[in-house]
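**Q** The structure file structure.txt (compact mmCIF, C-alpha atoms) is provided below.
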# COMPACT_ATOMS: atom_id res chain seq x y z
CA MET A 179 24.02 -26.66 -17.87
CA ILE A 180 22.12 -24.19 -20.04
CA GLU A 181 18.84 -25.10 -18.38
CA PHE A 182 19.58 -24.27 -14.74
CA PRO A 183 19.37 -20.43 -14.99
CA LEU A 184 16.29 -20.81 -17.19
CA LEU A 185 14.64 -23.01 -14.53
CA LEU A 186 15.39 -20.35 -11.89
CA ILE A 187 13.98 -17.61 -14.16
CA ALA A 188 10.85 -19.68 -14.82
CA TYR A 189 10.33 -20.13 -11.06
CA PHE A 190 10.84 -16.44 -10.22
CA SER A 191 8.63 -15.22 -13.08
CA THR A 192 5.82 -17.57 -11.99
CA LEU A 193 6.18 -16.13 -8.47
CA GLY A 194 5.97 -12.63 -9.99
CA LEU A 195 2.80 -13.51 -11.94
CA VAL A 196 1.08 -14.92 -8.82
CA PHE A 197 1.94 -11.90 -6.68
CA THR A 198 0.92 -9.52 -9.49
CA TYR A 199 -2.50 -11.17 -9.45
CA PHE A 200 -2.72 -10.83 -5.64
CA ALA A 201 -1.59 -7.18 -5.76
CA LEU A 202 -4.21 -6.28 -8.35
CA ARG A 203 -7.03 -8.19 -6.64
CA ASP A 204 -6.67 -6.99 -3.03
CA LYS A 205 -8.91 -4.12 -1.88
CA ASP A 206 -6.56 -3.18 0.99
CA LEU A 207 -3.92 -0.92 -0.56
CA ILE A 208 -1.23 -1.66 2.06
CA LYS A 209 -1.55 -5.39 1.37
CA ALA A 210 -1.37 -4.64 -2.36
CA ILE A 211 1.84 -2.64 -1.81
CA ILE A 212 3.38 -5.55 0.14
CA PHE A 213 2.47 -8.01 -2.63
CA SER A 214 3.94 -5.74 -5.30
CA THR A 215 7.13 -5.47 -3.19
CA ILE A 216 7.45 -9.28 -3.20
CA GLN A 217 6.92 -9.19 -6.98
CA SER A 218 9.71 -6.57 -7.26
CA ILE A 219 12.10 -8.78 -5.28
CA SER A 220 11.37 -11.76 -7.52
CA TYR A 221 12.06 -9.65 -10.62
CA ALA A 222 15.29 -8.36 -9.03
CA LEU A 223 16.34 -12.01 -8.60
CA ILE A 224 15.51 -12.58 -12.29
CA TYR A 225 17.91 -9.74 -13.15
CA GLY A 226 20.58 -11.36 -10.96
CA THR A 227 20.05 -14.73 -12.65
CA LEU A 228 20.40 -13.07 -16.07
CA LEU A 229 23.93 -12.01 -14.94
CA ALA A 230 23.22 -8.32 -14.40
CA PRO A 231 24.49 -7.91 -10.81
CA ASP A 232 24.53 -4.10 -10.94
CA ILE A 233 20.83 -4.02 -11.82
CA LEU A 234 20.17 -6.54 -9.02
CA LEU A 235 21.72 -4.16 -6.48
CA VAL A 236 19.97 -1.06 -7.87
CA TYR A 237 16.62 -2.78 -8.16
CA LEU A 238 16.74 -4.22 -4.64
CA ALA A 239 17.19 -0.67 -3.31
CA VAL A 240 14.46 0.72 -5.58
CA GLY A 241 11.89 -2.07 -5.35
CA PHE A 242 12.34 -2.79 -1.65
CA GLY A 243 12.93 0.80 -0.51
CA ILE A 244 11.83 3.69 -2.68
CA TYR A 245 8.62 2.37 -4.29
CA PRO A 246 6.99 1.11 -1.03
CA ILE A 247 7.97 4.26 0.87
CA LEU A 248 6.49 6.53 -1.84
CA LEU A 249 3.31 4.46 -2.13
CA LEU A 250 2.88 4.19 1.66
CA TYR A 251 3.28 7.98 1.86
CA ALA A 252 0.49 8.35 -0.71
CA VAL A 253 -1.74 5.88 1.22
CA SER A 254 -1.07 7.70 4.51
CA LYS A 255 -2.13 11.01 2.94
CA THR A 256 -5.23 9.54 1.24
CA ARG A 257 -7.46 6.51 1.92
CA ARG A 258 -6.39 2.98 2.82
CA TYR A 259 -9.27 0.97 1.31
CA GLU A 260 -10.44 0.86 -2.25
CA LYS A 261 -14.13 1.51 -2.76
CA LYS A 262 -16.57 -1.14 -4.11
CA MET B 131 11.59 -30.07 -28.79
CA SER B 132 14.33 -29.74 -26.22
CA LEU B 133 13.98 -28.66 -22.61
CA THR B 134 15.64 -25.32 -23.37
CA ASN B 135 13.03 -24.41 -25.97
CA ILE B 136 10.18 -25.45 -23.69
CA LEU B 137 11.60 -23.34 -20.85
CA LEU B 138 12.10 -20.33 -23.15
CA ILE B 139 8.50 -20.53 -24.41
CA TYR B 140 7.24 -20.91 -20.83
CA ILE B 141 9.25 -17.89 -19.60
CA TYR B 142 8.09 -15.67 -22.46
CA PHE B 143 4.49 -16.78 -21.92
CA ILE B 144 4.61 -16.02 -18.17
CA ILE B 145 6.31 -12.63 -18.62
CA PHE B 146 3.85 -11.56 -21.33
CA ALA B 147 0.97 -12.75 -19.12
CA THR B 148 2.31 -10.57 -16.28
CA GLY B 149 2.54 -7.63 -18.70
CA GLY B 150 -1.03 -8.20 -19.85
CA LEU B 151 -2.24 -8.33 -16.25
CA ALA B 152 -0.40 -5.08 -15.52
CA ILE B 153 -1.95 -3.34 -18.56
CA TYR B 154 -5.36 -4.59 -17.42
CA GLY B 155 -4.67 -3.04 -13.99
CA ILE B 156 -3.58 0.28 -15.49
CA ILE B 157 -6.68 0.53 -17.69
CA SER B 158 -9.52 -0.92 -15.67
CA LYS B 159 -8.70 -0.38 -11.97
CA ASN B 160 -10.61 2.49 -10.43
CA ASN B 161 -8.19 3.58 -7.69
CA LEU B 162 -5.31 5.84 -8.74
CA ILE B 163 -2.79 4.24 -6.32
CA LYS B 164 -3.71 0.82 -7.76
CA LYS B 165 -2.96 2.21 -11.21
CA ILE B 166 0.48 3.36 -10.00
CA ILE B 167 1.20 -0.12 -8.55
CA ALA B 168 0.29 -1.69 -11.90
CA LEU B 169 2.57 0.83 -13.66
CA THR B 170 5.58 -0.25 -11.53
CA ILE B 171 4.84 -3.89 -12.39
CA PHE B 172 4.65 -3.07 -16.10
CA GLY B 173 8.03 -1.31 -15.87
CA ASP B 174 9.55 -4.47 -14.35
CA VAL B 175 8.18 -6.60 -17.19
CA VAL B 176 9.56 -4.35 -19.93
CA ASN B 177 12.99 -4.13 -18.24
CA SER B 178 13.25 -7.91 -17.86
CA LEU B 179 12.37 -8.40 -21.54
CA ILE B 180 15.12 -5.92 -22.54
CA ILE B 181 17.71 -7.71 -20.37
CA PHE B 182 16.60 -11.07 -21.78
CA ILE B 183 17.71 -9.89 -25.25
CA GLY B 184 21.31 -9.59 -24.06
CA TYR B 185 21.47 -12.95 -22.29
CA ARG B 186 23.58 -15.65 -23.88
CA LEU B 187 22.59 -19.32 -24.03
CA VAL B 188 26.06 -20.83 -23.61
CA PRO B 189 26.93 -23.49 -21.00
CA LYS B 190 28.76 -21.13 -18.59
CA PRO B 191 27.88 -17.47 -19.26
CA LEU B 192 29.91 -14.80 -17.47
CA PRO B 193 28.83 -11.39 -16.13
CA PRO B 194 30.12 -8.47 -18.26
CA ILE B 195 33.06 -7.73 -15.95
CA LEU B 196 36.73 -8.26 -16.85
CA PRO B 197 38.20 -10.41 -14.04
CA SER B 198 41.78 -9.06 -14.31
CA LEU B 199 43.45 -5.65 -14.59
CA ASN B 200 45.94 -6.65 -17.28
CA PRO B 201 44.18 -9.37 -19.30
CA ASP B 202 45.98 -11.46 -21.91
CA LYS B 203 44.66 -12.81 -25.21
CA ALA B 204 43.13 -16.02 -23.82
CA LEU B 205 41.17 -14.08 -21.22
CA TYR B 206 39.86 -11.71 -23.89
CA LYS B 207 38.83 -14.70 -26.01
CA LEU B 208 36.98 -16.29 -23.08
CA TYR B 209 35.30 -12.93 -22.35
CA VAL B 210 34.15 -12.44 -25.94
CA MET B 211 32.94 -16.02 -26.31
CA SER B 212 30.91 -16.30 -23.11
CA SER B 213 30.11 -12.92 -21.58
CA VAL B 214 26.58 -11.51 -21.73
CA ASP B 215 25.86 -8.25 -23.58
CA PRO B 216 26.38 -5.18 -21.32
CA LEU B 217 24.49 -2.68 -23.50
CA PRO B 218 20.88 -3.64 -22.51
CA GLN B 219 21.94 -3.59 -18.86
CA ALA B 220 23.22 -0.01 -19.17
CA LEU B 221 19.97 1.03 -20.88
CA VAL B 222 17.90 -0.67 -18.15
CA ILE B 223 19.79 1.12 -15.35
CA THR B 224 18.80 4.42 -16.99
CA ALA B 225 15.20 3.24 -17.42
CA ILE B 226 14.94 2.26 -13.73
CA VAL B 227 16.13 5.70 -12.59
CA ILE B 228 13.67 7.46 -14.93
CA ASN B 229 10.90 5.15 -13.67
CA VAL B 230 11.62 6.16 -10.06
CA ALA B 231 11.33 9.85 -11.00
CA VAL B 232 8.04 9.27 -12.87
CA ILE B 233 6.54 7.27 -9.98
CA ALA B 234 7.54 9.96 -7.46
CA PHE B 235 5.89 12.63 -9.65
CA LEU B 236 2.69 10.56 -9.97
CA VAL B 237 2.53 9.90 -6.21
CA PHE B 238 2.71 13.60 -5.38
CA LEU B 239 0.14 14.31 -8.12
CA VAL B 240 -2.24 11.81 -6.48
CA VAL B 241 -1.78 13.44 -3.07
CA ARG B 242 -2.45 16.85 -4.66
CA ILE B 243 -5.60 15.50 -6.38
CA TYR B 244 -6.84 14.13 -3.04
CA ASN B 245 -6.25 17.48 -1.33
CA SER B 246 -8.14 19.34 -4.07
CA TYR B 247 -11.06 16.98 -4.79
CA GLY B 248 -11.28 14.71 -1.73
CA SER B 249 -11.20 11.48 -3.72
CA ILE B 250 -8.81 9.21 -5.60
CA GLU B 251 -11.42 7.06 -7.34
CA TYR B 252 -11.47 7.62 -11.07
CA ASP B 253 -15.24 7.61 -11.63
CA GLU B 254 -15.84 10.00 -8.71
CA LEU B 255 -13.25 12.38 -10.17
CA ILE B 256 -15.04 12.25 -13.54
CA ARG B 257 -18.37 13.00 -11.79
CA ILE B 258 -16.86 15.97 -9.88
CA ASP B 259 -15.31 17.26 -13.08
CA ARG B 260 -18.72 17.19 -14.81
CA GLY B 261 -20.25 19.35 -12.08
CA GLY B 262 -21.75 16.85 -9.66
CA SER B 263 -20.86 16.35 -6.02
CA THR B 264 -19.22 13.45 -4.17
Could I get this file's structure written as structure tokens?
**A**
Amino acid sequence: MIEFPLLLIAYFSTLGLVFTYFALRDKDLIKAIIFSTIQSISYALIYGTLLAPDILLVYLAVGFGIYPILLLYAVSKTRRYEKK
Amino acid sequence: MSLTNILLIYIYFIIFATGGLAIYGIISKNNLIKKIIALTIFGDVVNSLIIFIGYRLVPKPLPPILPSLNPDKALYKLYVMSSVDPLPQALVITAIVINVAVIAFLVFLVVRIYNSYGSIEYDELIRIDRGGST
């Protein structure tokens, strides 16, 4: 079964593309941060499917913890909505 | 064309499309926090392409971990024949840590810019820099 991991990677990368589009389109920055977090989780699962379990663990902590906390800190100190 | 080739072409197409969308976000979005979000997405895309180089298209690939403390010759042969390449994974771990440091620096730079100029929109910052007002 060479195809099964490739099918999983195709599914997760499509999910990442869709949520990238949502994250770039949304004017509400907190919603955009949540969408980019879902995209990070799908890419972490791609790393796990490509048999890199250490990167899966590191990237779950980074993409689900550090990036959203930093970006939410920046939003809390500045504005929530994008102009235009 | 076999299913494997079709899937590989599809995966590369989708990942490059995500990278193109992220570059579009970095260049053309007006909000600085939106630019940082697009930068994190672009980092993901580049890291997944690097790991994809080391993946091995054999029927049962193994993670790059020796399963025994005193392996014999057959185990070494199995490991060499079907384990994925550990070098791109080590490089990507380093890249992720550097990415976290860069994103933290950019976030605090954005907060500092907002405290100094009162805006995080790129065109307003250009206008303030040229001597106008908000």
**Q** Can you tell me how far CA of Ile139 (chain B) sits from CA of Phe213 (chain A), in Å to one decimal?
**A**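 Atom-to-atom, CA of Ile139 (chain B) and CA of Phe213 (chain A) are spaced 25.8 Å apart.
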**Q** Report as a list in words the set of chain B residues whose atoms approach chain A to within 7 Å, with distances computed over only C-alpha atoms.
**A**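 Residues passing the distance filter: Thr134, Leu137, Ile141, Ile144, Ile145, Thr148, Gly155, Asn161, Asp174, Ser178, Tyr185, Leu187, Val188, Pro189, Pro193, Gln219, Ile223, Ala234, Val237, Val241 and Tyr244 of chain B.
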**Q** May I ask for the distance between CA of Asn177 (chain B) and CA of Lys190 (chain B), given in Å to one decimal place?
**A**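 These two atoms are separated by 23.2 Å.
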**Q** Enter the distance from CA of Ile180 (chain B) to CA of Pro218 (chain B), in Å, rounded to one decimal.
**A** 6.2 Å
